[in-house]
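structure-v5.txt (compact mmCIF, C-alpha atoms (C1' of nucleotides))
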# COMPACT_ATOMS: atom_id res chain seq x y z
CA MET L 1 94.64 103.06 102.55
CA ARG L 2 93.80 106.76 102.52
CA LYS L 3 90.20 105.88 103.31
CA ILE L 4 91.31 103.73 106.21
CA ALA L 5 93.59 106.48 107.43
CA GLU L 6 90.76 108.96 107.35
CA ARG L 7 88.46 106.51 109.09
CA ILE L 8 90.87 105.96 111.98
CA GLU L 9 91.79 109.64 111.97
CA TYR L 10 95.45 109.15 111.28
CA SER L 11 97.60 110.03 108.35
CA PRO L 12 98.06 107.35 105.66
CA THR L 13 101.72 106.97 106.49
CA THR L 14 101.04 106.05 110.07
CA ILE L 15 99.52 102.78 108.91
CA TYR L 16 102.88 101.78 107.50
CA LEU L 17 104.38 101.97 110.97
CA HIS L 18 102.18 99.05 111.97
CA PHE L 19 101.96 97.08 108.74
CA LYS L 20 104.54 96.53 106.06
CA ASP L 21 102.07 97.24 103.29
CA LYS L 22 98.46 96.86 102.26
CA GLN L 23 98.78 93.14 101.82
CA ALA L 24 100.15 92.62 105.30
CA LEU L 25 97.30 94.63 106.73
CA PHE L 26 94.71 92.59 104.88
CA GLN L 27 96.41 89.41 105.95
CA GLU L 28 96.14 90.43 109.54
CA LEU L 29 92.53 91.45 109.06
CA CYS L 30 91.95 88.08 107.51
CA ALA L 31 93.42 86.28 110.48
CA VAL L 32 91.12 88.18 112.81
CA ASP L 33 88.20 87.30 110.59
CA PHE L 34 89.08 83.64 110.67
CA LEU L 35 89.06 83.65 114.43
CA ALA L 36 85.65 85.32 114.49
CA PHE L 37 84.56 82.83 111.87
CA ALA L 38 85.64 79.89 113.98
CA ARG L 39 83.86 81.35 116.97
CA VAL L 40 80.60 81.29 115.07
CA PHE L 41 80.90 77.53 114.83
CA GLU L 42 81.29 77.01 118.56
CA ARG L 43 77.53 76.91 118.83
CA VAL L 44 77.13 73.97 116.48
CA LEU L 45 78.91 71.78 119.01
CA LYS L 46 75.73 71.46 120.96
CA VAL L 47 74.31 69.42 118.08
CA LYS L 48 75.44 65.95 119.00
CA ASP L 49 74.36 63.88 116.03
CA PRO L 50 77.21 64.16 113.50
CA VAL L 51 74.98 64.29 110.45
CA GLU L 52 72.71 66.92 111.92
CA ARG L 53 75.80 68.83 112.92
CA LEU L 54 77.03 68.73 109.34
CA ARG L 55 73.73 70.26 108.27
CA LYS L 56 74.11 72.94 110.89
CA ILE L 57 77.70 73.66 109.89
CA GLY L 58 76.67 74.12 106.28
CA LEU L 59 73.84 76.47 107.07
CA THR L 60 76.03 78.40 109.48
CA TYR L 61 78.68 78.81 106.78
CA VAL L 62 76.11 80.26 104.41
CA LYS L 63 74.64 82.50 107.09
CA PHE L 64 78.04 83.91 107.96
CA GLY L 65 78.90 84.54 104.35
CA LEU L 66 75.65 86.31 103.65
CA GLU L 67 75.84 88.40 106.77
CA HIS L 68 79.44 89.41 106.13
CA PRO L 69 79.86 89.36 102.38
CA HIS L 70 82.95 91.56 102.39
CA HIS L 71 84.66 89.41 104.94
CA HIS L 72 83.65 86.29 103.08
CA ARG L 73 85.07 87.71 99.90
CA LEU L 74 88.33 88.57 101.62
CA MET L 75 88.58 85.20 103.32
CA PHE L 76 87.33 82.82 100.66
CA MET L 77 87.22 84.53 97.31
CA THR L 78 90.52 86.38 97.25
CA PRO L 79 93.83 84.63 96.75
CA HIS L 80 96.44 85.66 99.27
CA THR L 81 100.13 85.22 98.88
CA PRO L 82 101.38 81.96 100.35
CA VAL L 83 100.33 82.59 103.89
CA ASP L 84 103.27 80.73 105.35
CA PRO L 85 104.81 83.20 107.73
CA GLU L 86 102.15 83.30 110.39
CA PRO L 87 101.41 80.22 112.44
CA GLY L 88 100.97 82.82 115.12
CA SER L 89 97.52 83.61 116.29
CA ILE L 90 95.46 80.76 114.90
CA GLN L 91 96.00 77.05 115.38
CA LYS L 92 95.57 74.70 112.48
CA GLY L 93 93.81 71.48 113.42
CA ASN L 94 92.28 72.83 116.57
CA PRO L 95 88.51 72.68 116.02
CA ASP L 96 88.05 75.64 118.36
CA GLN L 97 90.04 77.95 116.11
CA ASP L 98 90.07 76.17 112.76
CA ALA L 99 86.62 75.74 111.29
CA TYR L 100 87.84 73.30 108.67
CA ALA L 101 89.16 71.07 111.43
CA LEU L 102 85.73 71.10 113.00
CA LEU L 103 84.10 70.15 109.73
CA ARG L 104 86.61 67.40 109.14
CA LEU L 105 86.19 66.10 112.66
CA THR L 106 82.43 65.97 112.31
CA VAL L 107 82.72 64.12 109.03
CA GLU L 108 85.01 61.65 110.74
CA GLN L 109 82.48 61.12 113.48
CA ALA L 110 79.73 60.62 110.93
CA LEU L 111 81.91 58.11 109.12
CA GLU L 112 82.64 56.28 112.34
CA ALA L 113 78.93 56.17 113.06
CA GLY L 114 78.47 54.54 109.67
CA ALA L 115 76.22 57.39 108.53
CA LEU L 116 78.17 58.39 105.44
CA ARG L 117 79.22 56.62 102.28
CA THR L 118 82.73 55.26 102.40
CA ASP L 119 83.10 54.76 98.66
CA LEU L 120 83.69 58.41 97.83
CA GLY L 121 86.82 59.02 99.85
CA ASP L 122 88.04 59.79 103.32
CA ALA L 123 87.03 62.51 105.75
CA ASP L 124 89.03 65.17 103.92
CA ALA L 125 87.45 64.27 100.63
CA LEU L 126 83.90 64.47 101.97
CA ALA L 127 84.63 67.60 103.99
CA GLN L 128 85.90 69.37 100.91
CA VAL L 129 82.84 68.38 98.92
CA LEU L 130 80.55 69.69 101.64
CA TRP L 131 82.53 72.88 101.98
CA SER L 132 82.53 73.44 98.24
CA GLY L 133 78.80 72.99 98.06
CA VAL L 134 77.85 75.58 100.60
CA HIS L 135 80.64 77.84 99.46
CA GLY L 136 79.20 77.80 95.97
CA VAL L 137 75.86 79.01 97.24
CA VAL L 138 77.43 81.96 99.02
CA ALA L 139 79.94 82.79 96.32
CA LEU L 140 77.40 82.81 93.53
CA GLN L 141 75.05 84.94 95.57
CA ILE L 142 77.76 87.47 96.37
CA ALA L 143 79.14 87.65 92.85
CA LYS L 144 76.03 87.22 90.73
CA GLY L 145 73.12 87.64 93.12
CA ASN L 146 72.24 90.97 91.60
CA ASP L 147 72.53 89.76 88.06
CA ALA L 148 69.11 89.95 86.47
CA TRP L 149 70.14 87.34 83.91
CA ILE L 150 69.13 84.58 86.29
CA ASP L 151 65.79 84.22 88.05
CA TRP L 152 67.37 83.57 91.39
CA LYS L 153 65.57 81.59 94.04
CA PRO L 154 65.95 82.93 97.57
CA VAL L 155 69.46 82.13 98.74
CA ALA L 156 68.27 80.73 102.04
CA LYS L 157 66.17 78.20 100.16
CA THR L 158 69.04 77.28 97.88
CA ALA L 159 71.25 76.76 100.90
CA GLU L 160 68.71 74.43 102.50
CA ARG L 161 68.32 72.49 99.29
CA MET L 162 72.07 72.27 98.88
CA VAL L 163 72.57 70.88 102.36
CA GLU L 164 69.70 68.47 101.97
CA ALA L 165 70.95 67.26 98.59
CA MET L 166 74.54 66.79 99.70
CA ILE L 167 73.77 65.13 102.99
CA HIS L 168 71.34 62.82 101.28
CA GLY L 169 73.78 62.18 98.48
CA LEU L 170 76.62 61.41 100.86
CA ALA L 171 74.57 59.39 103.33
CA ALA L 172 75.33 55.69 103.55
CA PRO L 173 72.68 53.53 101.91
CA ARG L 174 70.36 52.02 104.46
CA ALA L 175 71.74 48.57 103.78
CA ALA L 176 75.22 49.61 104.88
CA ARG L 177 74.10 51.57 107.90
CA ARG L 178 74.71 50.07 111.31
CA SER L 179 71.84 51.27 113.46
CA MET X 1 94.68 99.84 80.52
CA ARG X 2 98.20 100.97 79.79
CA LYS X 3 99.27 97.34 79.68
CA ILE X 4 96.49 96.56 77.26
CA ALA X 5 97.39 99.57 75.17
CA GLU X 6 100.98 98.45 75.00
CA ARG X 7 99.91 94.92 74.17
CA ILE X 8 97.78 96.01 71.24
CA GLU X 9 100.36 98.61 70.26
CA TYR X 10 98.09 101.59 70.61
CA SER X 11 98.10 104.48 72.98
CA PRO X 12 95.99 104.18 76.13
CA THR X 13 93.75 106.95 74.90
CA THR X 14 92.73 105.06 71.82
CA ILE X 15 91.00 102.42 73.89
CA TYR X 16 88.56 105.03 75.09
CA LEU X 17 87.44 105.62 71.52
CA HIS X 18 86.04 102.10 71.48
CA PHE X 19 84.97 101.65 75.10
CA LYS X 20 83.52 104.15 77.49
CA ASP X 21 85.78 103.03 80.30
CA LYS X 22 87.51 100.03 81.81
CA GLN X 23 84.28 98.59 83.07
CA ALA X 24 82.65 98.72 79.66
CA LEU X 25 85.64 96.98 78.16
CA PHE X 26 85.52 94.22 80.74
CA GLN X 27 81.79 93.87 80.23
CA GLU X 28 82.32 93.33 76.55
CA LEU X 29 85.12 90.88 77.22
CA CYS X 30 82.76 89.13 79.59
CA ALA X 31 80.07 88.85 76.92
CA VAL X 32 82.56 87.28 74.54
CA ASP X 33 83.61 84.88 77.26
CA PHE X 34 80.02 83.87 77.91
CA LEU X 35 79.55 83.00 74.28
CA ALA X 36 82.70 80.88 74.28
CA PHE X 37 81.48 79.36 77.52
CA ALA X 38 78.15 78.42 76.01
CA ARG X 39 79.90 76.92 73.02
CA VAL X 40 81.74 74.52 75.31
CA PHE X 41 78.42 73.06 76.34
CA GLU X 42 77.29 72.31 72.82
CA ARG X 43 79.05 68.99 73.06
CA VAL X 44 77.06 67.78 76.05
CA LEU X 45 73.96 67.73 73.85
CA LYS X 46 75.03 64.41 72.48
CA VAL X 47 74.41 62.89 75.90
CA LYS X 48 70.75 62.02 75.66
CA ASP X 49 69.93 60.79 79.14
CA PRO X 50 69.05 63.92 81.13
CA VAL X 51 70.69 62.77 84.35
CA GLU X 52 73.89 61.73 82.63
CA ARG X 53 73.83 65.04 80.83
CA LEU X 54 73.58 66.85 84.15
CA ARG X 55 76.70 65.01 85.27
CA LYS X 56 78.45 66.00 82.08
CA ILE X 57 77.37 69.61 82.42
CA GLY X 58 78.76 69.77 85.93
CA LEU X 59 82.10 68.29 85.01
CA THR X 60 82.32 70.53 81.96
CA TYR X 61 81.68 73.59 84.12
CA VAL X 62 84.52 72.62 86.41
CA LYS X 63 86.83 71.84 83.52
CA PHE X 64 86.21 75.18 81.90
CA GLY X 65 86.78 77.04 85.15
CA LEU X 66 90.04 75.26 85.85
CA GLU X 67 91.31 75.73 82.32
CA HIS X 68 90.42 79.40 82.25
CA PRO X 69 90.66 80.58 85.82
CA HIS X 70 90.96 84.25 84.90
CA HIS X 71 87.92 84.12 82.71
CA HIS X 72 86.03 82.19 85.34
CA ARG X 73 86.94 84.80 87.89
CA LEU X 74 85.79 87.58 85.63
CA MET X 75 82.56 85.84 84.71
CA PHE X 76 81.51 84.25 87.99
CA MET X 77 83.48 85.71 90.84
CA THR X 78 83.39 89.40 90.06
CA PRO X 79 80.28 91.50 90.52
CA HIS X 80 79.49 93.65 87.52
CA THR X 81 77.28 96.67 87.55
CA PRO X 82 73.67 95.88 86.75
CA VAL X 83 74.22 94.45 83.33
CA ASP X 84 70.95 95.72 81.96
CA PRO X 85 71.97 97.67 78.88
CA GLU X 86 73.08 94.86 76.64
CA PRO X 87 70.56 92.35 75.41
CA GLY X 88 72.62 92.60 72.30
CA SER X 89 74.92 89.78 71.42
CA ILE X 90 73.77 86.98 73.66
CA GLN X 91 70.27 85.59 73.95
CA LYS X 92 68.85 84.74 77.35
CA GLY X 93 66.88 81.54 77.39
CA ASN X 94 68.40 80.15 74.24
CA PRO X 95 70.26 76.99 75.29
CA ASP X 96 72.70 77.47 72.43
CA GLN X 97 73.97 80.76 73.81
CA ASP X 98 72.88 80.71 77.44
CA ALA X 99 74.44 77.88 79.41
CA TYR X 100 72.09 78.36 82.33
CA ALA X 101 69.17 77.83 80.00
CA LEU X 102 70.73 74.55 78.93
CA LEU X 103 71.16 73.46 82.52
CA ARG X 104 67.62 74.44 83.37
CA LEU X 105 66.26 72.66 80.33
CA THR X 106 68.11 69.48 81.19
CA VAL X 107 66.81 69.60 84.75
CA GLU X 108 63.32 70.01 83.34
CA GLN X 109 63.80 66.98 81.14
CA ALA X 110 65.08 64.97 84.08
CA LEU X 111 62.08 66.05 86.12
CA GLU X 112 59.73 65.08 83.32
CA ALA X 113 61.42 61.71 83.15
CA GLY X 114 60.71 61.31 86.83
CA ALA X 115 64.40 61.00 87.59
CA LEU X 116 64.70 63.83 90.09
CA ARG X 117 63.08 64.60 93.40
CA THR X 118 60.12 66.94 93.17
CA ASP X 119 60.02 67.86 96.84
CA LEU X 120 62.92 70.28 96.72
CA GLY X 121 61.61 72.78 94.22
CA ASP X 122 61.17 73.38 90.54
CA ALA X 123 63.69 73.26 87.72
CA ASP X 124 65.19 76.63 88.61
CA ALA X 125 65.65 75.60 92.21
CA LEU X 126 67.44 72.38 91.33
CA ALA X 127 69.46 74.00 88.57
CA GLN X 128 70.74 76.62 90.97
CA VAL X 129 71.71 74.00 93.52
CA LEU X 130 73.63 72.04 90.90
CA TRP X 131 75.31 75.15 89.59
CA SER X 132 76.27 76.28 93.08
CA GLY X 133 77.79 72.91 93.85
CA VAL X 134 80.16 72.75 90.92
CA HIS X 135 80.82 76.45 91.15
CA GLY X 136 81.96 76.01 94.72
CA VAL X 137 84.53 73.43 93.65
CA VAL X 138 86.01 75.77 91.06
CA ALA X 139 85.79 78.91 93.15
CA LEU X 140 87.47 77.37 96.18
CA GLN X 141 90.21 75.94 94.02
CA ILE X 142 90.89 79.26 92.33
CA ALA X 143 90.80 81.31 95.49
CA LYS X 144 92.30 78.94 98.05
CA GLY X 145 93.81 76.13 96.06
CA ASN X 146 97.31 77.28 96.87
CA ASP X 147 96.59 77.76 100.53
CA ALA X 148 98.70 75.28 102.45
CA TRP X 149 96.30 75.50 105.37
CA ILE X 150 94.12 72.81 103.85
CA ASP X 151 95.27 69.41 102.68
CA TRP X 152 93.48 69.67 99.37
CA LYS X 153 92.37 66.61 97.51
CA PRO X 154 92.86 66.78 93.75
CA VAL X 155 90.22 69.13 92.33
CA ALA X 156 89.20 66.70 89.63
CA LYS X 157 88.36 64.14 92.28
CA THR X 158 86.42 66.66 94.32
CA ALA X 159 84.47 67.62 91.24
CA GLU X 160 83.55 64.00 90.56
CA ARG X 161 82.52 63.47 94.14
CA MET X 162 80.49 66.65 94.10
CA VAL X 163 78.59 65.65 90.98
CA GLU X 164 78.03 62.14 92.29
CA ALA X 165 76.82 63.41 95.66
CA MET X 166 74.45 65.99 94.21
CA ILE X 167 72.99 63.82 91.51
CA HIS X 168 72.48 61.05 94.02
CA GLY X 169 71.07 63.46 96.54
CA LEU X 170 68.65 64.97 94.05
CA ALA X 171 67.64 61.73 92.38
CA ALA X 172 64.07 60.59 92.88
CA PRO X 173 63.78 57.68 95.32
CA ARG X 174 63.32 54.44 93.46
CA ALA X 175 59.77 54.12 94.72
CA ALA X 176 58.78 57.33 92.96
CA ARG X 177 60.56 56.58 89.73
CA ARG X 178 58.43 55.70 86.74
CA SER X 179 59.60 53.39 83.96
C1' DT Y 1 120.38 119.69 129.75
C1' DC Y 2 121.08 116.53 126.36
C1' DC Y 3 119.83 112.44 123.97
C1' DG Y 4 117.55 108.88 121.84
C1' DA Y 5 113.49 106.52 121.10
C1' DT Y 6 108.59 106.90 119.91
C1' DA Y 7 104.69 108.49 117.33
C1' DC Y 8 103.20 111.00 113.95
C1' DT Y 9 102.87 114.09 109.66
C1' DT Y 10 103.95 116.68 105.31
C1' DA Y 11 105.60 116.33 100.92
C1' DA Y 12 106.88 113.85 97.20
C1' DC Y 13 106.90 109.75 93.96
C1' DA Y 14 105.09 105.90 91.07
C1' DT Y 15 101.39 103.73 89.06
C1' DT Y 16 97.04 103.60 86.87
C1' DG Y 17 92.41 105.06 85.07
C1' DT Y 18 90.76 108.96 82.58
C1' DT Y 19 90.14 113.56 80.06
C1' DT Y 20 91.60 117.40 77.20
C1' DC Y 21 93.47 119.00 73.41
C1' DG Y 22 95.87 118.85 69.24
C1' DT Y 23 97.10 116.78 64.73
C1' DA Y 24 97.62 113.98 60.72
C1' DA Y 25 95.21 111.57 57.09
C1' DC Y 26 91.50 111.01 54.07
C1' DG Y 27 87.18 111.68 51.11
C1' DG Y 28 84.16 114.23 48.95
C1' DA Y 29 81.98 118.84 47.51
C1' DT Y 30 82.94 123.14 45.43
C1' DA E 1 93.35 122.40 43.43
C1' DT E 2 91.09 123.95 47.60
C1' DC E 3 88.30 123.69 51.43
C1' DC E 4 86.00 121.17 55.05
C1' DG E 5 84.33 117.77 57.99
C1' DT E 6 85.01 113.27 59.70
C1' DT E 7 87.89 109.66 61.42
C1' DA E 8 91.68 107.78 63.93
C1' DC E 9 95.12 108.50 66.80
C1' DG E 10 98.55 110.25 70.40
C1' DA E 11 101.02 113.57 73.85
C1' DA E 12 100.32 115.76 77.87
C1' DA E 13 97.94 116.61 81.87
C1' DC E 14 94.78 115.33 85.81
C1' DA E 15 93.02 112.57 89.65
C1' DA E 16 93.11 108.81 92.74
C1' DT E 17 95.78 105.54 95.27
C1' DG E 18 99.71 102.74 97.30
C1' DT E 19 104.12 103.88 99.05
C1' DT E 20 108.58 106.13 100.60
C1' DA E 21 111.63 109.88 102.26
C1' DA E 22 112.38 113.28 105.21
C1' DG E 23 111.21 116.05 109.00
C1' DT E 24 109.00 117.41 113.62
C1' DA E 25 107.12 117.17 118.17
C1' DT E 26 106.99 114.79 122.52
C1' DC E 27 108.62 112.41 126.36
C1' DG E 28 111.53 109.48 129.61
C1' DG E 29 115.67 108.86 131.35
C1' DA E 30 121.16 109.58 131.81
Take the structure in this file and express it as structure tokens.
Amino acid sequence: MRKIAERIEYSPTTIYLHFKDKQALFQELCAVDFLAFARVFERVLKVKDPVERLRKIGLTYVKFGLEHPHHHRLMFMTPHTPVDPEPGSIQKGNPDQDAYALLRLTVEQALEAGALRTDLGDADALAQVLWSGVHGVVALQIAKGNDAWIDWKPVAKTAERMVEAMIHGLAAPRAARRS
Amino acid sequence: MRKIAERIEYSPTTIYLHFKDKQALFQELCAVDFLAFARVFERVLKVKDPVERLRKIGLTYVKFGLEHPHHHRLMFMTPHTPVDPEPGSIQKGNPDQDAYALLRLTVEQALEAGALRTDLGDADALAQVLWSGVHGVVALQIAKGNDAWIDWKPVAKTAERMVEAMIHGLAAPRAARRS
DNA sequence: TCCGATACTTAACATTGTTTCGTAACGGAT
DNA sequence: ATCCGTTACGAAACAATGTTAAGTATCGGA
């Protein structure tokens, strides 16, 4: 707080005129981050093939997390109080503002195209697996990437392997694929 | 610190006779946790088939994280200062005390058995992908599991799907399998 | 001119990690 | 028995940080 105040050249107390407390401020910051986050995914829309788009989404997620580790930590590695009271600025379910909705939608399209296995669950189930996979790559890198205990492979490589493994693992067997 | 002091019925100062500072205390706690963590994996040794063991390792990782979320957070979601000065209590590379070594070893065995793809990297590469995958499931659950924004599937299910997808995605194609 | 709202700050308070200093207890050497 | 050093501990104080209470300056309108 005091650091922030100094940075914006105001007194610490002034911040409390705009935000109830530290948590409220971070929540707002988080909302802004989520919008920026969603905007990053606008570009993947130009990839038309659903499966290729899933690959792109995964790699984009990792790229964002690695380029903005602090934001990633705030958004995805820090529990926030039940974030109920703010359906304000960002729209759930709208793929333009809600990146999860975009992921889910793309999984749905891939399912409809018969490109993904149907025996593991619905679109939400597969979306959450994919999300978890790429999230793990970023989260481990951020939290333990500097830990000399492990002989880490380059994160970018791990991300590629992760996406390849998951997509391949979730892909419908050729027998069940309709052209 | 004061809470801890109260809990152990000593004065806060006394803690500093045993630990340099809060960080040192947490580091020690972390080391203890890692030993307990490794002990959990002793039981997977009875699974002889390397690939099945990898499945078991993954599910065990998730189980541990969900049963001890605070410890998981401390161990895998919190960056610690370069942990160099303590090759003391825990042995790197010994599968009995170092769970990553066990994972890596099992991947090696699976590779030797011709059960895993060889085009994605060596044992470390595959081990890190597998670790990241299951870690992502736990980490997302801990950090965002209470977030109503997402319609979460049950974590246990997601974990199973994750393991299934990764193992299947990393498995050697039947044509390349020997035996 | 007065008034109230607006925007901001200074000072103080509570909590928490940490350091300084003092003290009680104990074991051995004289 | 006395002295002394070590060990184990705590009370008080300090520093940093989130937060609140109270006060001040400015400005637009009645």
**Item:** Selection: 9 Å around DC9 in chain E, only C-alpha atoms (C1' of nucleotides), excl. self and same-chain fewer than 2 positions, as an NGL selection string
**Value:** (:X and (10-11 or 13-14)) or (:Y and (23-24))
Taking only C-alpha atoms (C1' of nucleotides) into account, report as a PDB file with C-alpha atoms (C1' of nucleotides), in the frame of the given file which residues of chain E lie within 12 Å of chain L.
ATOM      1  C1'  DA E  16      93.110 108.810  92.740  1.00  0.00           C
ATOM      2  C1'  DT E  17      95.780 105.540  95.270  1.00  0.00           C
ATOM      3  C1'  DG E  18      99.710 102.740  97.300  1.00  0.00           C
ATOM      4  C1'  DT E  19     104.120 103.880  99.050  1.00  0.00           C
ATOM      5  C1'  DT E  20     108.580 106.130 100.600  1.00  0.00           C
ATOM      6  C1'  DA E  21     111.630 109.880 102.260  1.00  0.00           C
TER       7       DA E  21
END
**Request:** Record the distance separating CA of Thr60 in chain X and CA of Val44 in chain X, expressed in Å with one decimal.
**Result:** 8.4 Å
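Taking CA of Gly133 in chain L and CA of Met162 in chain L as the two end points, the separation is 6.8 Å.
Interatomic distance, CA of Ala99 in chain X against CA of Ile57 in chain X: 9.3 Å.
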Against chain X, which residues of chain L fall within 7 Å? For each one I want the closest pair of atoms and the distance in Å (one decimal), counting all atoms listed in the file, rows by chain and increasing residue number, as a tab-separated table.
residue	atom	partner	partner_atom	distance
L:Phe76	CA	X:Ala143	CA	6.4
L:Met77	CA	X:Ala143	CA	5.1
L:Thr78	CA	X:Ala143	CA	5.4
L:Pro79	CA	X:Ala143	CA	4.7
L:Pro82	CA	X:Asp147	CA	6.4
L:Val83	CA	X:Asp147	CA	7.0
L:Leu120	CA	X:Arg161	CA	6.4
L:Ala125	CA	X:Lys153	CA	6.3
L:Val129	CA	X:Met162	CA	5.6
L:Ser132	CA	X:Gly136	CA	4.4
L:Gly133	CA	X:Gly133	CA	4.3
L:His135	CA	X:Gly136	CA	5.2
L:Gly136	CA	X:Gly136	CA	3.5
L:Val137	CA	X:Ser132	CA	5.0
L:Leu140	CA	X:Ser132	CA	6.6
L:Ala143	CA	X:Pro79	CA	4.6
L:Lys144	CA	X:Pro79	CA	6.0
L:Asp147	CA	X:Pro82	CA	6.4
L:Lys153	CA	X:Ala125	CA	6.3
L:Thr158	CA	X:Val129	CA	6.1
L:Arg161	CA	X:Leu120	CA	6.4
L:Met162	CA	X:Val129	CA	5.6
L:Ala165	CA	X:Gly169	CA	4.3
L:Met166	CA	X:Met166	CA	5.5
L:His168	CA	X:Gly169	CA	4.8
L:Gly169	CA	X:Gly169	CA	3.6
L:Leu170	CA	X:Ala165	CA	5.6
Residues from last step as file, C-alpha atoms, as a PDB file, keeping the file's coordinate frame:
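So part34.pdb came out as:
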ATOM      1  CA  PHE L  76      87.330  82.820 100.660  1.00  0.00           C
ATOM      2  CA  MET L  77      87.220  84.530  97.310  1.00  0.00           C
ATOM      3  CA  THR L  78      90.520  86.380  97.250  1.00  0.00           C
ATOM      4  CA  PRO L  79      93.830  84.630  96.750  1.00  0.00           C
ATOM      5  CA  PRO L  82     101.380  81.960 100.350  1.00  0.00           C
ATOM      6  CA  VAL L  83     100.330  82.590 103.890  1.00  0.00           C
ATOM      7  CA  LEU L 120      83.690  58.410  97.830  1.00  0.00           C
ATOM      8  CA  ALA L 125      87.450  64.270 100.630  1.00  0.00           C
ATOM      9  CA  VAL L 129      82.840  68.380  98.920  1.00  0.00           C
ATOM     10  CA  SER L 132      82.530  73.440  98.240  1.00  0.00           C
ATOM     11  CA  GLY L 133      78.800  72.990  98.060  1.00  0.00           C
ATOM     12  CA  HIS L 135      80.640  77.840  99.460  1.00  0.00           C
ATOM     13  CA  GLY L 136      79.200  77.800  95.970  1.00  0.00           C
ATOM     14  CA  VAL L 137      75.860  79.010  97.240  1.00  0.00           C
ATOM     15  CA  LEU L 140      77.400  82.810  93.530  1.00  0.00           C
ATOM     16  CA  ALA L 143      79.140  87.650  92.850  1.00  0.00           C
ATOM     17  CA  LYS L 144      76.030  87.220  90.730  1.00  0.00           C
ATOM     18  CA  ASP L 147      72.530  89.760  88.060  1.00  0.00           C
ATOM     19  CA  LYS L 153      65.570  81.590  94.040  1.00  0.00           C
ATOM     20  CA  THR L 158      69.040  77.280  97.880  1.00  0.00           C
ATOM     21  CA  ARG L 161      68.320  72.490  99.290  1.00  0.00           C
ATOM     22  CA  MET L 162      72.070  72.270  98.880  1.00  0.00           C
ATOM     23  CA  ALA L 165      70.950  67.260  98.590  1.00  0.00           C
ATOM     24  CA  MET L 166      74.540  66.790  99.700  1.00  0.00           C
ATOM     25  CA  HIS L 168      71.340  62.820 101.280  1.00  0.00           C
ATOM     26  CA  GLY L 169      73.780  62.180  98.480  1.00  0.00           C
ATOM     27  CA  LEU L 170      76.620  61.410 100.860  1.00  0.00           C
TER      28      LEU L 170
END
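Using all atoms listed in the file, the shortest contact distance between chain X and any of Y:DA14, Y:DC2, Y:DT19, Y:DG28 is found at Y:DT19.
Shortest separation to chain Y among X:Leu66, X:Glu9, X:Ile15, X:His71 occurs at residue X:Ile15, atoms counted being only C-alpha atoms (C1' of nucleotides).
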**Message:** When you look at range 2-4 of chain E with a cut-off of 10 Å (counting all atoms listed in the file), what residues show up, excluding the ones that are within fewer than 2 positions of it in the same chain? I need them as a PyMOL selection string.
**Reply:** (chain Y and resi 28-30) or (chain E and resi 6)
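Taking only C-alpha atoms (C1' of nucleotides), the non-local environment of DG22 in chain Y within 12 Å (same-chain residues fewer than 4 positions away omitted) comprises DC9, DG10, DA11 and DA12 of chain E.
Shortest separation to chain L among Y:DA25, Y:DC3, Y:DC13, Y:DC8 occurs at residue Y:DC8, atoms counted being only C-alpha atoms (C1' of nucleotides).
Nearest residue to chain Y among L:Phe37, L:His18, L:Cys30, L:Val62 is L:His18, counting only C-alpha atoms (C1' of nucleotides).
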